[in-house]
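All remarks here apply to the structure that follows.
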Amino acid sequence: MRDASSASLEARLAARWARIARASKIGFLVAVCTSLLAFGFEMTNLTLHHDDLNHLFVGKPLVGWYLGRFVHAWLFWYGQQGLFLPFLDMTVGIALMAVYGVLVARFWGAQRTLDVALVAAIVCVFPYMAHVYQYNSVMIAYPLAHLLAATGVVLAARARPLPVLAGALLLFVAFSTYQAVLANAVTLGLVWLLMRAVFPADAAVAGAPAPGTPASGAATAGARSAPWAAAAMLLAVGLGGVLHVLAVWSLDVPMDAAQGADEAFSLHSRLEHGLQLGRALAAVVQESRAFFVWPEAYLPQPLKALHALLVAAAALACLIVPRGVKAKTVALVLLGLALLAPRTLQLMHPGGTFHKLTLTAYALVIAGAALLVARSAGRALRSGVLAAGALLLAGYIVQCNWVSTVNLLNTQAHIATVTQVLARVRALPAGGWDGRTIAVVGRYDMAGDFPYHGATGVASEYLGARHMAFIARLLRDEARFVEPEAAAPGVAAFAAGRPAWPHPDSVGIVDGVGVVVLARMPATQADDRQVR
C-alpha cells in the first residue's frame, strides 16, 4: 500500500477539492460571477476615486498607518511595493470575498445550493462593497480583513482554548487592517446565535467548516452550547481588539484626525469622555433607522423596501418557528440586536466616523434574514423568498454599476476642471509669473445634479489645492497648486474682490504668483486631508 505522503501534489489537490461540498463550490462560483457583473466595470477602467490620490502619492508608510491600520500599510507598501494593480487586486479581492461569503453561509447552517449561493452573493455584492473597489490600494486588504474576521469568529465559536486563541489572533490582524470589520464579527456571531435559537436541532454546529472542509466535518468539530459559543466569540473579539489597541500604542502611530481616529485611540480622551452610552445609543438608533428607512440616500427606496420586507418576514419566522414563548422572545431579541450590530463602532466612539465607511455588516443582516426565511418557509413561500433574493441582487448589481460609472465620470470631471484652470491662468499676461505656482483660494464644489446626486462616498464634488496638486502630478504637469497662506501676501486682497470660478475674472497673477478663486469666501479645506 502506497504511503499517502508519496502522493503527487496534483493528487493531493484533487482529493482536497473533492472533499469540498458541491453547494460550497457552486456558491463560490455564483458569488464570483455576480461580483463580475457588479464590479467588472472597475476592472476595465483606471478609475481613481477622489481620495485614492492620497493613497497614490503618499510616501512610506501608507495612509492606513495614520488611522491605525498598520497591517494594511505593510501589505500595500512591502507586499505590493506601493504599486497600483487594479485588475489583479480586484481579482484577488473578489476571490477572497467569495470565500468569505461561502464561509458565512456554511457557518449559519446553509446546506442547500441556492441558500449558500444567495448568502454568498448578497454579502459579496452589497452596494457598500463598491466603496472597497473604488480605492485601488484596499482592493485586497479590506476583503482579506473581512475573511480573517469571519474565520476568527468561526474558530472562536468552537469554545475551546486553542481555537479561541487562534480566532483572537486572526481578529487582531483583521482589526489592524480595517477596524470596521469589528461590526462584521459582532453581526456574524449574533446571526449565528439567531439561527441556533430558531433551529435548535440544526446540524450546523459552532465549529462549522470552512469551504475546504467536508460538510460531515461539522459533526466532529466539537459542538458547544450557544451560551458557551457566544462567550467564546465575545472573548476572541475582545482579545483581538485589545491586542490591536496595544499594538497601535506600542508602534507610537501619530493618529490622524480623519474619521476621529486621534480621539478613538487616545487614552486621555477615553478617560475624559467615557463610553457616552446615552449619546452612542441614540446615534446607533438614528443611523440604523436611516439605513432601513430614511434619510440615508445611498440606497434607492426599492432596495430599502426589499430589506424591510425580508426583515419583517424574518421577525414573523421568529414568532412562528421556535417552540415556546421563551424561545420566540430570545429569537426576536437576537434579531433586534443583529439589526443594530452594524453600528458597533459607533457604540465605542460616538464621535468617530469609522462606522460610516463600507458598512458591509448590513449585508450580513440582510443575508441572515433571507436565509432564515428561506429555511423556515414551505416550498411555495421558499420560491417566493428566492425570487425576492434574486430581485434584490439585481438591484445591488445596478447600484454598484451606477457607483462605478459615476465615479469614473467624476474623475474625468476633476481632471477636466484642473486642465481648464491651468489653461485659463497660463493664458494671462505673464507679469513675472514663473508659470508653475498657483494659489488656490477656497474650495470648488461641483454641481450635484443627476447622475451626481448625494450619496455616501460617491462622486466627491469638491476640489481644493491638495487635490488639484495631485491631479497635476498625474498629468505630469509642472504646476504647483498651493494654499493662499503659502503664496504672496497680496493673494487675499486680490481674492476678496473677485468672483468665483468659473467666471473669467476668477483667475489672475499677483506678485508673480498665479491665483484662482474657487470660492469668494475662503472655505475650509480640511476635507482634502480626510482620507479613507
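Residue numbering restarts at 1 in every chain; chains get A, B, ... in the order shown in the C-alpha cells, and ligands count up from 1 in that same order.
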Neighbour list for Ala247 in chain A as a ChimeraX atom specification, cut-off 10 Å, only C-alpha atoms, skip fewer than 6 positions in-chain: /A:68,70,172,176,241,253
Resulting file, chosen residues, all heavy atoms, as an mmCIF file, in the first residue's frame:
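Saved the output as result_13.cif:
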```cif
data_model
loop_
_atom_site.group_PDB
_atom_site.id
_atom_site.type_symbol
_atom_site.label_atom_id
_atom_site.label_comp_id
_atom_site.auth_asym_id
_atom_site.auth_seq_id
_atom_site.Cartn_x
_atom_site.Cartn_y
_atom_site.Cartn_z
ATOM 1 N N GLY A 68 -4.298 53.830 12.184
ATOM 2 C CA GLY A 68 -4.155 52.632 12.995
ATOM 3 C C GLY A 68 -4.244 51.344 12.204
ATOM 4 O O GLY A 68 -4.254 50.262 12.795
ATOM 5 N N PHE A 70 -2.118 49.518 10.460
ATOM 6 C CA PHE A 70 -0.717 49.320 10.101
ATOM 7 C C PHE A 70 -0.510 48.073 9.255
ATOM 8 O O PHE A 70 0.405 48.025 8.427
ATOM 9 C CB PHE A 70 0.149 49.269 11.367
ATOM 10 C CG PHE A 70 -0.265 48.253 12.388
ATOM 11 C CD1 PHE A 70 0.239 46.977 12.361
ATOM 12 C CD2 PHE A 70 -1.159 48.603 13.399
ATOM 13 C CE1 PHE A 70 -0.142 46.038 13.304
ATOM 14 C CE2 PHE A 70 -1.541 47.674 14.348
ATOM 15 C CZ PHE A 70 -1.033 46.389 14.303
ATOM 16 N N PHE A 172 -7.297 40.134 15.563
ATOM 17 C CA PHE A 172 -6.303 41.198 15.761
ATOM 18 C C PHE A 172 -5.734 41.670 14.425
ATOM 19 O O PHE A 172 -5.637 42.875 14.158
ATOM 20 C CB PHE A 172 -5.195 40.680 16.678
ATOM 21 C CG PHE A 172 -3.894 41.412 16.550
ATOM 22 C CD1 PHE A 172 -3.798 42.757 16.893
ATOM 23 C CD2 PHE A 172 -2.760 40.766 16.081
ATOM 24 C CE1 PHE A 172 -2.585 43.434 16.757
ATOM 25 C CE2 PHE A 172 -1.557 41.430 15.949
ATOM 26 C CZ PHE A 172 -1.470 42.770 16.294
ATOM 27 N N SER A 176 -6.401 45.298 12.588
ATOM 28 C CA SER A 176 -5.225 46.099 12.243
ATOM 29 C C SER A 176 -5.160 46.391 10.756
ATOM 30 O O SER A 176 -4.327 47.188 10.316
ATOM 31 C CB SER A 176 -3.953 45.369 12.687
ATOM 32 O OG SER A 176 -3.978 45.114 14.080
ATOM 33 N N GLY A 241 -9.420 42.960 19.837
ATOM 34 C CA GLY A 241 -9.489 44.408 19.921
ATOM 35 C C GLY A 241 -8.442 44.993 20.850
ATOM 36 O O GLY A 241 -7.808 46.005 20.535
ATOM 37 N N VAL A 253 2.000 55.315 16.726
ATOM 38 C CA VAL A 253 1.458 55.847 15.472
ATOM 39 C C VAL A 253 0.905 57.253 15.710
ATOM 40 O O VAL A 253 0.093 57.457 16.619
ATOM 41 C CB VAL A 253 0.338 54.927 14.940
ATOM 42 C CG1 VAL A 253 -0.309 55.542 13.711
ATOM 43 C CG2 VAL A 253 0.891 53.560 14.624
#
```
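For the residues A:Ala363, A:Ala159, A:Val517, A:Leu463, ranking by smallest atom-to-atom distance to Ile415 in chain A using only C-alpha atoms places A:Leu463 first.
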CA of Asp477 in chain A to CA of Arg436 in chain A, distance in Å rounded to a single decimal: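 That distance, rounded to one decimal, is 8.9 Å.
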In range 112-334 of chain A, DSSP helix (DSSP H, G or I) residues written as a PyMOL selection string: chain A and resi 113-125+129-134+136-138+141-156+161-177+181-198+215-220+226-250+258-264+267-273+277-292+301-320+325-334
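Nearest to Pro342 in chain A of all the residues A:Arg289, A:Arg279, A:Arg520, A:Arg12 is A:Arg289, based on only C-alpha atoms.
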Nearby residues (only C-alpha atoms) at most 10 Å from Gly395 in chain A, same-chain spacing under 2 positions excluded, as number ranges by chain: A: 38, 126-127, 299-300, 302-303, 306, 389-393, 397-401
Strand (DSSP E) call set, DSSP backbone run, range 340-462 of chain A, as a VMD selection string: chain A and resid 437 to 441 444 to 445 462
Since we have the selection now, will you write its residues out, keeping N, CA, C and O atoms, as a PDB file, in the first residue's frame?
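The result, written out as part_16.pdb:
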```pdb
ATOM      1  N   THR A 437       3.574  78.094 -10.017  1.00  0.00           N
ATOM      2  CA  THR A 437       2.891  78.223  -8.733  1.00  0.00           C
ATOM      3  C   THR A 437       1.534  78.889  -8.897  1.00  0.00           C
ATOM      4  O   THR A 437       1.427  79.989  -9.459  1.00  0.00           O
ATOM      5  N   ILE A 438       0.500  78.218  -8.402  1.00  0.00           N
ATOM      6  CA  ILE A 438      -0.867  78.753  -8.459  1.00  0.00           C
ATOM      7  C   ILE A 438      -1.482  78.639  -7.065  1.00  0.00           C
ATOM      8  O   ILE A 438      -1.588  77.538  -6.505  1.00  0.00           O
ATOM      9  N   ALA A 439      -1.869  79.770  -6.510  1.00  0.00           N
ATOM     10  CA  ALA A 439      -2.540  79.784  -5.205  1.00  0.00           C
ATOM     11  C   ALA A 439      -4.025  79.504  -5.413  1.00  0.00           C
ATOM     12  O   ALA A 439      -4.669  80.096  -6.286  1.00  0.00           O
ATOM     13  N   VAL A 440      -4.562  78.597  -4.599  1.00  0.00           N
ATOM     14  CA  VAL A 440      -5.962  78.193  -4.706  1.00  0.00           C
ATOM     15  C   VAL A 440      -6.724  78.765  -3.516  1.00  0.00           C
ATOM     16  O   VAL A 440      -6.463  78.401  -2.366  1.00  0.00           O
ATOM     17  N   VAL A 441      -7.658  79.659  -3.779  1.00  0.00           N
ATOM     18  CA  VAL A 441      -8.445  80.296  -2.734  1.00  0.00           C
ATOM     19  C   VAL A 441      -9.807  79.622  -2.651  1.00  0.00           C
ATOM     20  O   VAL A 441     -10.549  79.571  -3.629  1.00  0.00           O
ATOM     21  N   TYR A 444     -13.814  74.403  -4.505  1.00  0.00           N
ATOM     22  CA  TYR A 444     -14.812  74.355  -5.573  1.00  0.00           C
ATOM     23  C   TYR A 444     -15.701  73.132  -5.401  1.00  0.00           C
ATOM     24  O   TYR A 444     -15.226  72.001  -5.447  1.00  0.00           O
ATOM     25  N   ASP A 445     -16.988  73.379  -5.194  1.00  0.00           N
ATOM     26  CA  ASP A 445     -17.962  72.293  -5.083  1.00  0.00           C
ATOM     27  C   ASP A 445     -18.702  72.183  -6.405  1.00  0.00           C
ATOM     28  O   ASP A 445     -19.451  73.080  -6.789  1.00  0.00           O
ATOM     29  N   TYR A 462     -15.899  68.094  -4.301  1.00  0.00           N
ATOM     30  CA  TYR A 462     -15.051  69.250  -4.016  1.00  0.00           C
ATOM     31  C   TYR A 462     -13.645  69.120  -4.615  1.00  0.00           C
ATOM     32  O   TYR A 462     -13.102  68.039  -4.784  1.00  0.00           O
TER      33      TYR A 462
END
```
Within 12 Å of Gly497 in chain A using only C-alpha atoms, minus same-chain residues under 3 positions, as a list in words: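 Once the adjacent positions are removed, what remains is Gly490, Val491, Ala492, Ala493, Phe494, Ala500, Asp505, Ser506, Val507, Gly508, Val517, Ala519, Arg520 and Met521 of chain A.
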Would you mind exporting the chosen residues as a PDB file, in the first residue's frame, restricted to all heavy atoms?
```pdb
ATOM      1  N   GLY A 490      -0.366  89.414  -1.220  1.00  0.00           N
ATOM      2  CA  GLY A 490      -1.464  90.105  -1.871  1.00  0.00           C
ATOM      3  C   GLY A 490      -2.563  89.208  -2.392  1.00  0.00           C
ATOM      4  O   GLY A 490      -3.556  89.697  -2.961  1.00  0.00           O
ATOM      5  N   VAL A 491      -2.427  87.901  -2.223  1.00  0.00           N
ATOM      6  CA  VAL A 491      -3.427  86.969  -2.753  1.00  0.00           C
ATOM      7  C   VAL A 491      -4.775  87.185  -2.092  1.00  0.00           C
ATOM      8  O   VAL A 491      -5.826  87.210  -2.757  1.00  0.00           O
ATOM      9  CB  VAL A 491      -2.950  85.511  -2.569  1.00  0.00           C
ATOM     10  CG1 VAL A 491      -4.083  84.531  -2.874  1.00  0.00           C
ATOM     11  CG2 VAL A 491      -1.756  85.231  -3.462  1.00  0.00           C
ATOM     12  N   ALA A 492      -4.817  87.347  -0.768  1.00  0.00           N
ATOM     13  CA  ALA A 492      -6.085  87.505  -0.052  1.00  0.00           C
ATOM     14  C   ALA A 492      -6.819  88.758  -0.515  1.00  0.00           C
ATOM     15  O   ALA A 492      -8.039  88.742  -0.722  1.00  0.00           O
ATOM     16  CB  ALA A 492      -5.828  87.548   1.449  1.00  0.00           C
ATOM     17  N   ALA A 493      -6.087  89.848  -0.684  1.00  0.00           N
ATOM     18  CA  ALA A 493      -6.720  91.092  -1.135  1.00  0.00           C
ATOM     19  C   ALA A 493      -7.260  90.947  -2.551  1.00  0.00           C
ATOM     20  O   ALA A 493      -8.344  91.447  -2.879  1.00  0.00           O
ATOM     21  CB  ALA A 493      -5.705  92.235  -1.061  1.00  0.00           C
ATOM     22  N   PHE A 494      -6.522  90.261  -3.400  1.00  0.00           N
ATOM     23  CA  PHE A 494      -6.978  90.021  -4.766  1.00  0.00           C
ATOM     24  C   PHE A 494      -8.261  89.197  -4.777  1.00  0.00           C
ATOM     25  O   PHE A 494      -9.217  89.520  -5.496  1.00  0.00           O
ATOM     26  CB  PHE A 494      -5.881  89.293  -5.543  1.00  0.00           C
ATOM     27  CG  PHE A 494      -6.311  88.800  -6.895  1.00  0.00           C
ATOM     28  CD1 PHE A 494      -6.286  89.621  -8.002  1.00  0.00           C
ATOM     29  CD2 PHE A 494      -6.748  87.480  -7.062  1.00  0.00           C
ATOM     30  CE1 PHE A 494      -6.683  89.166  -9.250  1.00  0.00           C
ATOM     31  CE2 PHE A 494      -7.149  87.018  -8.288  1.00  0.00           C
ATOM     32  CZ  PHE A 494      -7.120  87.849  -9.396  1.00  0.00           C
ATOM     33  N   ALA A 500     -16.104  84.072  -8.135  1.00  0.00           N
ATOM     34  CA  ALA A 500     -15.593  82.707  -8.012  1.00  0.00           C
ATOM     35  C   ALA A 500     -15.568  82.009  -9.366  1.00  0.00           C
ATOM     36  O   ALA A 500     -16.225  82.430 -10.328  1.00  0.00           O
ATOM     37  CB  ALA A 500     -16.462  81.913  -7.040  1.00  0.00           C
ATOM     38  N   ASP A 505     -12.987  86.344 -14.573  1.00  0.00           N
ATOM     39  CA  ASP A 505     -12.174  87.187 -13.697  1.00  0.00           C
ATOM     40  C   ASP A 505     -11.759  86.479 -12.411  1.00  0.00           C
ATOM     41  O   ASP A 505     -11.238  87.122 -11.495  1.00  0.00           O
ATOM     42  CB  ASP A 505     -12.940  88.475 -13.336  1.00  0.00           C
ATOM     43  CG  ASP A 505     -13.164  89.367 -14.551  1.00  0.00           C
ATOM     44  OD1 ASP A 505     -12.338  89.296 -15.484  1.00  0.00           O
ATOM     45  OD2 ASP A 505     -14.161  90.116 -14.571  1.00  0.00           O
ATOM     46  N   SER A 506     -12.005  85.170 -12.335  1.00  0.00           N
ATOM     47  CA  SER A 506     -11.646  84.432 -11.115  1.00  0.00           C
ATOM     48  C   SER A 506     -10.176  84.051 -11.080  1.00  0.00           C
ATOM     49  O   SER A 506      -9.706  83.485 -10.092  1.00  0.00           O
ATOM     50  CB  SER A 506     -12.503  83.163 -10.990  1.00  0.00           C
ATOM     51  OG  SER A 506     -12.256  82.285 -12.084  1.00  0.00           O
ATOM     52  N   VAL A 507      -9.438  84.330 -12.133  1.00  0.00           N
ATOM     53  CA  VAL A 507      -8.013  83.999 -12.186  1.00  0.00           C
ATOM     54  C   VAL A 507      -7.214  85.277 -12.393  1.00  0.00           C
ATOM     55  O   VAL A 507      -7.712  86.280 -12.917  1.00  0.00           O
ATOM     56  CB  VAL A 507      -7.704  82.996 -13.319  1.00  0.00           C
ATOM     57  CG1 VAL A 507      -8.438  81.690 -13.089  1.00  0.00           C
ATOM     58  CG2 VAL A 507      -8.046  83.575 -14.678  1.00  0.00           C
ATOM     59  N   GLY A 508      -5.982  85.255 -11.949  1.00  0.00           N
ATOM     60  CA  GLY A 508      -5.109  86.404 -12.121  1.00  0.00           C
ATOM     61  C   GLY A 508      -3.697  86.077 -11.676  1.00  0.00           C
ATOM     62  O   GLY A 508      -3.401  84.949 -11.274  1.00  0.00           O
ATOM     63  N   VAL A 517      -9.582  81.757  -7.835  1.00  0.00           N
ATOM     64  CA  VAL A 517     -10.542  81.900  -6.743  1.00  0.00           C
ATOM     65  C   VAL A 517     -11.661  80.886  -6.965  1.00  0.00           C
ATOM     66  O   VAL A 517     -12.522  81.068  -7.831  1.00  0.00           O
ATOM     67  CB  VAL A 517     -11.109  83.338  -6.688  1.00  0.00           C
ATOM     68  CG1 VAL A 517     -12.095  83.466  -5.528  1.00  0.00           C
ATOM     69  CG2 VAL A 517      -9.983  84.344  -6.557  1.00  0.00           C
ATOM     70  N   ALA A 519     -13.777  79.899  -4.491  1.00  0.00           N
ATOM     71  CA  ALA A 519     -14.927  80.357  -3.709  1.00  0.00           C
ATOM     72  C   ALA A 519     -14.604  81.746  -3.181  1.00  0.00           C
ATOM     73  O   ALA A 519     -13.465  82.020  -2.782  1.00  0.00           O
ATOM     74  CB  ALA A 519     -15.219  79.406  -2.554  1.00  0.00           C
ATOM     75  N   ARG A 520     -15.580  82.651  -3.155  1.00  0.00           N
ATOM     76  CA  ARG A 520     -15.326  84.037  -2.770  1.00  0.00           C
ATOM     77  C   ARG A 520     -14.884  84.128  -1.313  1.00  0.00           C
ATOM     78  O   ARG A 520     -14.008  84.886  -0.965  1.00  0.00           O
ATOM     79  CB  ARG A 520     -16.573  84.880  -2.992  1.00  0.00           C
ATOM     80  CG  ARG A 520     -16.953  85.001  -4.450  1.00  0.00           C
ATOM     81  CD  ARG A 520     -17.873  86.169  -4.685  1.00  0.00           C
ATOM     82  NE  ARG A 520     -17.236  87.455  -4.362  1.00  0.00           N
ATOM     83  CZ  ARG A 520     -17.828  88.626  -4.548  1.00  0.00           C
ATOM     84  NH1 ARG A 520     -19.043  88.686  -5.050  1.00  0.00           N
ATOM     85  NH2 ARG A 520     -17.200  89.743  -4.242  1.00  0.00           N
ATOM     86  N   MET A 521     -15.519  83.328  -0.447  1.00  0.00           N
ATOM     87  CA  MET A 521     -15.098  83.298   0.948  1.00  0.00           C
ATOM     88  C   MET A 521     -14.217  82.077   1.140  1.00  0.00           C
ATOM     89  O   MET A 521     -14.623  80.960   0.793  1.00  0.00           O
ATOM     90  CB  MET A 521     -16.317  83.219   1.866  1.00  0.00           C
ATOM     91  CG  MET A 521     -17.201  84.458   1.809  1.00  0.00           C
ATOM     92  SD  MET A 521     -16.323  85.952   2.326  1.00  0.00           S
ATOM     93  CE  MET A 521     -16.035  85.575   4.051  1.00  0.00           C
TER      94      MET A 521
END
```
All residues 9 Å or closer to range 71-81 of chain A, only C-alpha atoms, same chain fewer than 2 positions away omitted, as a count of residues only: 22
Interatomic distance, CA of Ser24 in chain A to CA of Ala201 in chain A (Å, one decimal):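 One can read the CA of Ser24 in chain A to CA of Ala201 in chain A distance as 21.7 Å.
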